[in-house]
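Chemist: For reference, this is work-v3.cif, and it has mmCIF, C-alpha atoms.
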```cif
data_final
loop_
_atom_site.label_atom_id
_atom_site.label_comp_id
_atom_site.auth_asym_id
_atom_site.auth_seq_id
_atom_site.Cartn_x
_atom_site.Cartn_y
_atom_site.Cartn_z
CA MET A 85 -11.74 12.45 -23.61
CA THR A 86 -12.14 15.67 -25.53
CA ASP A 87 -11.16 19.13 -24.35
CA GLY A 88 -7.46 18.56 -24.50
CA ASP A 89 -6.91 15.25 -22.75
CA ALA A 90 -3.43 13.96 -23.48
CA GLU A 91 0.03 14.08 -22.00
CA PRO A 92 0.17 16.83 -19.34
CA GLU A 93 2.21 19.96 -19.73
CA ILE A 94 5.50 19.91 -17.81
CA SER A 95 5.01 22.07 -14.71
CA ASP A 96 7.60 24.26 -13.00
CA SER A 97 7.41 22.15 -9.85
CA LEU A 98 8.23 18.96 -11.76
CA LYS A 99 11.18 20.63 -13.47
CA ALA A 100 12.43 22.02 -10.16
CA PHE A 101 12.20 18.60 -8.50
CA GLY A 102 14.11 17.06 -11.40
CA GLU A 103 16.88 19.61 -10.96
CA VAL A 104 17.15 18.73 -7.26
CA VAL A 105 17.54 15.02 -8.01
CA LYS A 106 20.09 15.76 -10.74
CA ALA A 107 22.10 17.99 -8.41
CA PHE A 108 22.30 15.27 -5.76
CA ARG A 109 23.25 12.69 -8.38
CA LYS A 110 26.04 14.82 -9.81
CA ARG A 111 27.30 15.72 -6.35
CA ALA A 112 27.62 11.98 -5.70
CA GLY A 113 29.63 11.66 -8.92
CA LEU A 114 27.14 9.29 -10.52
CA THR A 115 25.86 9.01 -14.05
CA GLN A 116 22.19 8.25 -14.67
CA GLU A 117 23.25 4.71 -15.57
CA GLN A 118 24.97 4.30 -12.21
CA PHE A 119 22.18 5.92 -10.18
CA ALA A 120 19.25 4.05 -11.75
CA PRO A 121 19.93 0.62 -10.17
CA GLN A 122 20.43 2.24 -6.77
CA VAL A 123 16.76 3.28 -6.69
CA GLY A 124 15.45 0.32 -8.66
CA TYR A 125 14.29 2.23 -11.74
CA SER A 126 15.34 2.31 -15.37
CA VAL A 127 17.71 4.88 -16.80
CA GLU A 128 14.82 6.15 -18.92
CA THR A 129 12.74 6.79 -15.79
CA VAL A 130 15.57 8.62 -14.05
CA SER A 131 16.12 10.75 -17.13
CA SER A 132 12.40 11.57 -17.44
CA VAL A 133 12.15 12.57 -13.77
CA GLU A 134 15.23 14.77 -13.98
CA GLN A 135 13.83 16.52 -17.04
CA GLY A 136 10.47 17.04 -15.34
CA ARG A 137 8.67 14.86 -17.90
CA ARG A 138 7.52 12.19 -15.46
CA PHE A 139 5.77 12.44 -12.11
CA PRO A 140 8.00 10.54 -9.62
CA SER A 141 6.39 7.69 -7.73
CA PRO A 142 6.45 7.76 -3.91
CA LYS A 143 8.87 4.84 -4.03
CA PHE A 144 11.25 6.79 -6.29
CA VAL A 145 11.13 9.75 -3.90
CA ASP A 146 11.73 7.61 -0.81
CA ARG A 147 14.60 5.63 -2.35
CA SER A 148 16.29 8.77 -3.66
CA GLU A 149 15.94 10.49 -0.29
CA GLU A 150 17.40 7.48 1.49
CA PHE A 151 20.22 6.86 -0.98
CA PHE A 152 21.47 10.46 -0.92
CA ASP A 153 20.69 10.95 2.80
CA ALA A 154 19.17 14.22 1.65
CA PHE A 155 17.82 15.46 5.00
CA GLY A 156 14.38 16.08 3.46
CA ALA A 157 15.68 18.05 0.49
CA ILE A 158 14.05 15.54 -1.89
CA LYS A 159 10.98 14.45 0.09
CA GLY A 160 10.10 18.04 0.98
CA PRO A 161 9.72 19.40 -2.58
CA ALA A 162 7.97 16.17 -3.62
CA LYS A 163 5.02 17.11 -1.39
CA HIS A 164 4.34 20.15 -3.54
CA LEU A 165 4.63 18.60 -6.98
CA SER A 166 1.93 19.35 -9.49
CA ARG A 167 1.49 18.89 -13.19
CA GLU A 168 -0.46 20.89 -15.73
CA PRO A 169 -3.26 18.43 -16.61
CA VAL A 170 -3.81 19.95 -20.01
CA ALA A 171 -2.16 19.04 -23.29
CA ASN A 172 0.23 21.50 -24.90
CA TRP A 173 -2.03 21.91 -27.91
CA PHE A 174 -5.07 22.75 -25.73
CA ARG A 175 -3.29 25.25 -23.50
CA ARG A 176 -3.72 28.33 -25.71
CA TRP A 177 -7.37 27.54 -26.41
CA ALA A 178 -8.05 27.23 -22.67
CA ALA A 179 -6.50 30.66 -22.13
CA LEU A 180 -8.69 32.20 -24.85
CA GLU A 181 -11.75 30.38 -23.51
CA ALA A 182 -11.29 31.96 -20.08
CA LYS A 183 -11.77 35.48 -21.51
CA ALA A 184 -14.19 34.82 -24.38
CA LEU A 185 -17.18 37.04 -25.08
CA CYS A 186 -18.99 34.03 -26.52
CA LEU A 187 -18.20 30.35 -26.84
CA TYR A 188 -19.89 27.95 -29.25
CA THR A 189 -19.47 24.18 -29.02
CA TYR A 190 -20.70 21.38 -31.26
CA GLU A 191 -20.02 17.86 -29.97
CA ASN A 192 -20.72 14.51 -31.60
CA ARG A 193 -18.57 12.24 -29.39
CA LEU A 194 -19.00 12.97 -25.68
CA ILE A 195 -20.76 15.43 -23.41
CA PRO A 196 -18.77 18.70 -23.76
CA GLY A 197 -16.17 19.02 -21.01
CA LEU A 198 -17.74 22.21 -19.63
CA LEU A 199 -20.99 20.32 -19.03
CA GLN A 200 -19.64 17.04 -17.64
CA ILE A 201 -20.50 16.14 -14.05
CA GLU A 202 -17.68 14.76 -11.93
CA ALA A 203 -18.98 11.18 -11.99
CA TYR A 204 -19.06 11.27 -15.81
CA GLN A 205 -15.52 12.68 -15.93
CA ARG A 206 -14.25 10.03 -13.55
CA VAL A 207 -15.50 7.23 -15.81
CA LEU A 208 -13.75 8.77 -18.81
CA PHE A 209 -10.44 9.26 -17.02
CA GLU A 210 -10.49 5.85 -15.34
CA GLU A 211 -11.08 4.14 -18.69
CA GLN A 212 -8.47 6.15 -20.57
CA LEU A 213 -5.70 4.35 -22.45
CA PRO A 214 -2.86 4.30 -21.68
CA PRO A 215 -4.08 4.11 -18.07
CA LEU A 216 -3.73 7.10 -15.75
CA GLY A 217 -2.55 6.92 -12.14
CA ASP A 218 -4.88 7.89 -9.30
CA ALA A 219 -3.11 11.23 -8.80
CA GLU A 220 -3.37 12.04 -12.50
CA ILE A 221 -7.08 11.25 -12.52
CA GLU A 222 -7.72 13.57 -9.57
CA GLU A 223 -5.63 16.34 -11.16
CA ASN A 224 -7.51 16.08 -14.44
CA ILE A 225 -10.87 16.19 -12.68
CA ALA A 226 -9.80 19.18 -10.59
CA PHE A 227 -8.67 21.05 -13.70
CA ARG A 228 -11.94 20.37 -15.52
CA VAL A 229 -14.07 21.36 -12.54
CA LYS A 230 -12.09 24.61 -12.36
CA ARG A 231 -12.73 25.26 -16.06
CA GLN A 232 -16.45 24.71 -15.55
CA LYS A 233 -16.62 27.74 -13.25
CA LEU A 234 -16.61 29.78 -16.45
CA LEU A 235 -20.26 28.88 -16.96
CA THR A 236 -21.35 30.30 -13.61
CA GLU A 237 -18.80 33.04 -12.98
CA ARG A 238 -18.63 34.66 -16.44
CA VAL A 239 -22.32 35.52 -16.61
CA ASN A 240 -21.82 38.05 -19.43
CA THR A 241 -20.33 35.42 -21.74
CA ALA A 242 -22.80 33.81 -24.14
CA TYR A 243 -22.50 30.02 -24.33
CA SER A 244 -24.05 27.86 -27.03
CA PHE A 245 -23.90 24.06 -27.12
CA ILE A 246 -25.17 21.77 -29.86
CA ILE A 247 -24.99 18.12 -28.83
CA GLU A 248 -25.85 15.07 -30.89
CA GLU A 249 -28.79 13.12 -29.48
CA HIS A 250 -26.90 9.82 -29.52
CA VAL A 251 -24.24 11.36 -27.24
CA LEU A 252 -26.92 12.31 -24.73
CA ARG A 253 -28.52 8.87 -24.85
CA ARG A 254 -25.30 6.92 -24.25
CA GLU A 255 -25.36 5.72 -20.63
CA THR A 256 -21.73 6.44 -19.84
CA GLY A 257 -21.13 5.34 -16.26
CA GLY A 258 -24.45 3.52 -16.00
CA PRO A 259 -28.08 4.61 -15.50
CA GLU A 260 -27.51 6.64 -12.31
CA VAL A 261 -24.63 8.66 -13.72
CA HIS A 262 -26.54 9.14 -16.96
CA GLN A 263 -29.59 10.46 -15.16
CA ALA A 264 -27.51 12.83 -13.06
CA GLN A 265 -25.70 14.05 -16.19
CA ILE A 266 -28.93 14.78 -18.04
CA GLU A 267 -30.32 16.53 -14.96
CA HIS A 268 -27.21 18.72 -14.80
CA ILE A 269 -27.49 19.67 -18.47
CA LEU A 270 -31.13 20.60 -17.93
CA ARG A 271 -30.23 22.84 -15.00
CA MET A 272 -27.48 24.54 -17.00
CA SER A 273 -29.88 25.09 -19.91
CA GLU A 274 -32.07 27.20 -17.61
CA ARG A 275 -29.32 29.79 -17.12
CA ARG A 276 -29.78 32.97 -19.19
CA SER A 277 -26.24 32.84 -20.56
CA ILE A 278 -26.38 29.22 -21.74
CA GLU A 279 -28.20 27.80 -24.76
CA ILE A 280 -28.28 24.04 -25.29
CA GLN A 281 -29.69 22.45 -28.43
CA VAL A 282 -30.01 18.80 -29.38
CA MET A 283 -29.30 17.57 -32.88
CA GLU A 284 -31.86 14.84 -33.44
CA GLN A 285 -30.75 11.37 -34.51
CA ARG A 286 -33.45 11.22 -37.14
CA ARG A 287 -31.99 14.21 -39.00
CA GLY A 288 -30.25 12.48 -41.87
CA ASN A 289 -27.89 15.32 -42.77
CA HIS A 290 -26.63 18.52 -41.21
CA ALA A 291 -23.77 21.00 -41.51
CA GLY A 292 -21.60 19.47 -38.79
CA LEU A 293 -21.03 15.98 -40.11
CA ALA A 294 -17.35 16.74 -40.69
CA GLY A 295 -16.73 16.65 -36.95
CA SER A 296 -16.91 18.44 -33.61
CA MET A 297 -15.84 22.08 -33.36
CA GLN A 298 -15.59 25.07 -31.06
CA LEU A 299 -15.66 28.79 -31.80
CA LEU A 300 -15.08 31.83 -29.64
CA GLU A 301 -14.85 35.61 -29.83
CA THR A 302 -12.19 37.42 -27.82
CA PRO A 303 -12.60 40.82 -26.07
CA ASP A 304 -10.86 42.46 -29.03
CA ASN A 305 -13.50 40.91 -31.32
CA ARG A 306 -11.26 38.34 -32.94
CA TRP A 307 -12.69 34.92 -33.71
CA TYR A 308 -10.90 31.61 -33.27
CA GLY A 309 -11.85 28.04 -33.98
CA TYR A 310 -10.73 24.81 -32.41
CA VAL A 311 -11.07 21.23 -33.61
CA GLU A 312 -9.86 18.10 -31.89
CA ALA A 313 -9.01 14.52 -32.80
CA GLN A 314 -7.48 11.69 -30.80
CA ARG A 315 -4.39 13.04 -28.99
CA ALA A 316 -4.25 16.14 -31.16
CA GLY A 317 -5.94 19.49 -31.44
CA LEU A 318 -5.80 22.45 -33.82
CA LEU A 319 -6.29 26.11 -32.95
CA ILE A 320 -7.56 27.94 -36.04
CA SER A 321 -6.91 31.67 -36.43
CA ASP A 322 -7.10 32.09 -40.22
CA ALA A 323 -10.15 34.28 -40.86
CA LYS A 324 -11.26 32.31 -43.92
CA GLU A 325 -11.17 28.96 -42.12
CA VAL A 326 -12.86 30.38 -39.03
CA GLY A 327 -15.53 31.86 -41.31
CA ILE A 328 -16.30 28.42 -42.70
CA LEU A 329 -16.77 27.03 -39.20
CA GLN A 330 -19.00 30.00 -38.30
CA MET A 331 -21.12 29.35 -41.38
CA ARG A 332 -21.51 25.69 -40.48
CA TYR A 333 -22.33 26.41 -36.86
CA ALA A 334 -24.95 28.98 -37.83
CA ARG A 335 -26.60 26.42 -40.11
CA MET A 336 -26.54 23.80 -37.36
CA ARG A 337 -28.33 26.13 -34.96
CA SER A 338 -31.22 26.22 -37.41
CA GLN A 339 -31.07 22.47 -38.03
CA ALA A 340 -31.02 21.39 -34.36
CA LEU A 341 -34.08 21.33 -32.13
CA THR A 342 -35.17 24.66 -30.70
CA LEU A 343 -34.16 25.50 -27.14
CA GLU A 344 -37.63 24.62 -25.87
CA ASP A 345 -37.84 21.35 -27.82
CA SER A 346 -34.34 20.43 -26.71
CA GLN A 347 -35.32 20.87 -23.07
CA SER A 348 -38.42 18.79 -23.66
CA LEU A 349 -36.36 15.94 -25.15
CA LEU A 350 -33.88 16.12 -22.27
CA ARG A 351 -36.74 15.83 -19.78
CA GLN A 352 -37.97 12.76 -21.65
CA MET A 353 -34.47 11.22 -21.43
CA ARG A 354 -34.29 11.98 -17.72
CA GLY A 355 -37.65 10.35 -17.14
CA ALA A 356 -36.78 7.32 -19.26
CA THR A 357 -33.60 6.58 -17.31
#
```
Write the structure described by the file as structure tokens, please.
Modeler:
Amino acid sequence: MTDGDAEPEISDSLKAFGEVVKAFRKRAGLTQEQFAPQVGYSVETVSSVEQGRRFPSPKFVDRSEEFFDAFGAIKGPAKHLSREPVANWFRRWAALEAKALCLYTYENRLIPGLLQIEAYQRVLFEEQLPPLGDAEIEENIAFRVKRQKLLTERVNTAYSFIIEEHVLRRETGGPEVHQAQIEHILRMSERRSIEIQVMEQRRGNHAGLAGSMQLLETPDNRWYGYVEAQRAGLLISDAKEVGILQMRYARMRSQALTLEDSQSLLRQMRGAT
């Protein structure tokens, strides 16, 4: 998915719910092995719920409530459960991103998360493997939409995006979604704080062939880098390594189409859809 899509961070509400279930189980004098068949779930599931590592299904909540005759003490907290739909390894980057003076992104796989429209996001999350539940999909979309407010609310932050042409031409979600996505990118490129450049397919070589990357500068003028692979991400703070990424990004800005030519190509894509 990019931008930190993986197993969600355990939230306080999930951990608190797990403690409630465990307290009722222990009060009943049951082990996890004895309790599991009473609610029709495996011992592993019971253990994961009690540790706050798994979002309980409505059936688990109802059966637990009924079995313990909990007078709403289990169903009540379940209504307020939430998870942190961001991977552990992306969490610190997201915090830095929210306060950055400038944010640079090069992407060669998918439209950058900050620029994805909701319909595009939904396709990505619905096709994710292993599959996500409906609630997880909605939580992930809500988190990403919230992140995207950075582009419109932090008007003094400078944003730069370099996107491979083939990424922009891929019709993820079909022609209608693709057209809407290109239209959105065009609108965002008209904002003073946002620069969007396209790396042409016909360019045989450029400085970013080693993979996607992100860079940012913090309010105390420190620079960080971030690179991501499948189900893993790496926050880079070493000045030498960050310097290498800065050098590559600077070269890519000169190798990609100009801002004006990039907008022109995007308009062509929009019209060709």
Chemist: Residue by residue, what does the PyMOL selection byres ((chain A and resi 309) around 7) grab here? Present the result as a list in words.
Modeler: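 For this structure, the PyMOL selection byres ((chain A and resi 309) around 7) resolves to Gln298, Leu299, Leu300, Trp307, Tyr308, Tyr310, Val311, Leu319, Ile320, Ser321 and Val326 of chain A.
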Chemist: Can you pull out every residue within 12 Å of Arg287 (chain A), counting only C-alpha atoms, but drop anything in the same chain fewer than 6 positions away, and send it as a list in words?
Modeler: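 Once the nearby chain positions are removed, what remains is Glu248, Glu249, His250, Leu293, Met336, Gln339, Ala340 and Leu341 of chain A.
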Chemist: Identify all residues satisfying the PyMOL selection byres ((chain A and resi 152) around 12) in the given file; provide them as a PyMOL selection string.
Modeler: chain A and resi 104-114+119+122-123+145-151+153-159
Chemist: Quick one: which residues end up in the PyMOL selection byres ((chain A and resi 228-239) around 9) for this structure, as a PyMOL selection string?
Modeler: chain A and resi 87+169+178+181-183+197-202+205+223-227+240-243+272+275-278
Chemist: Compile the contact shell of Ala291 (chain A) as a list in words: residues with an atom at most 10 Å away, counting only C-alpha atoms, same-chain residues fewer than 6 positions apart removed.
Modeler: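 So, after excluding close chain neighbours, the residues are Leu329, Met331, Arg332, Tyr333, Ala334, Arg335, Met336, Arg337, Ser338 and Gln339 of chain A.
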Chemist: CA of Ser296 (chain A) and CA of Leu318 (chain A), how far apart in Å?
Modeler: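 Here the two named atoms are 11.8 Å from each other.
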Chemist: Skipping near chain neighbours, those fewer than 4 positions away, what residues fall within 12 Å of Glu211 (chain A) using all atoms listed in the file, listed as an mmCIF file with C-alpha atoms, in the coordinates of the input?
Modeler:
```cif
data_model
loop_
_atom_site.group_PDB
_atom_site.id
_atom_site.type_symbol
_atom_site.label_atom_id
_atom_site.label_comp_id
_atom_site.auth_asym_id
_atom_site.auth_seq_id
_atom_site.Cartn_x
_atom_site.Cartn_y
_atom_site.Cartn_z
ATOM 1 C CA MET A 85 -11.740 12.450 -23.610
ATOM 2 C CA TYR A 204 -19.060 11.270 -15.810
ATOM 3 C CA GLN A 205 -15.520 12.680 -15.930
ATOM 4 C CA ARG A 206 -14.250 10.030 -13.550
ATOM 5 C CA VAL A 207 -15.500 7.230 -15.810
ATOM 6 C CA PRO A 215 -4.080 4.110 -18.070
ATOM 7 C CA LEU A 216 -3.730 7.100 -15.750
ATOM 8 C CA GLY A 217 -2.550 6.920 -12.140
ATOM 9 C CA ASP A 218 -4.880 7.890 -9.300
ATOM 10 C CA ILE A 221 -7.080 11.250 -12.520
ATOM 11 C CA THR A 256 -21.730 6.440 -19.840
ATOM 12 C CA GLY A 257 -21.130 5.340 -16.260
#
```
Chemist: Need the neighbours of (-24.0, 13.9, -18.4): which residues are at most 9 Å away, counting all atoms listed in the file, as a VMD selection string?
Modeler: chain A and resid 194 to 196 199 to 201 203 to 205 252 255 to 256 261 to 269
Chemist: Using Å and a single decimal, report how far CA of Leu349 (chain A) sits from CA of Met283 (chain A).
Modeler: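 It comes out at 10.6 Å.
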Chemist: Mind giving me the straight-line distance from CA of Glu128 (chain A) to CA of Ala162 (chain A) in Å, one decimal?
Modeler: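 A separation of 19.5 Å between them.
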Chemist: From the options A:Cys186, A:Glu284, A:Gln116, A:Glu279, which residue's atoms come nearest to Arg306 (chain A), counting only C-alpha atoms?
Modeler: A:Cys186
Chemist: May I ask which of the residues A:Phe144, A:Phe174, A:Phe245, A:Phe209 is the closest one to Ala313 (chain A), counting only C-alpha atoms?
Modeler: A:Phe174
Chemist: Please provide as a VMD selection string all residues within 9 Å of Thr129 (chain A), with the sequence filter that same-chain residues fewer than 3 positions apart are discarded (counting only C-alpha atoms).
Modeler: chain A and resid 120 125 to 126 132 to 134 138 140
Chemist: I'd like to know which of A:Gln347, A:Met297, A:Ala171, A:Asn289 is closest to Tyr188 (chain A), using all atoms listed in the file.
Modeler: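 Between A:Gln347, A:Met297, A:Ala171, A:Asn289, the residue approaching Tyr188 (chain A) most closely is A:Met297.
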Chemist: Nearest to Gly102 (chain A): which of A:Ser244, A:Ser348, A:Ser131, A:Gln118 is it, counting all atoms listed in the file?
Modeler: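 Checking each candidate against Gly102 (chain A), we get A:Ser131 as the closest.
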Chemist: Under the rule that only C-alpha atoms are counted, which of A:Ser95, A:Thr115, A:Gln314, A:Asn192 is the nearest residue to Gly136 (chain A)?
Modeler: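 When distances to Gly136 (chain A) are compared using only C-alpha atoms, the smallest one comes from A:Ser95.
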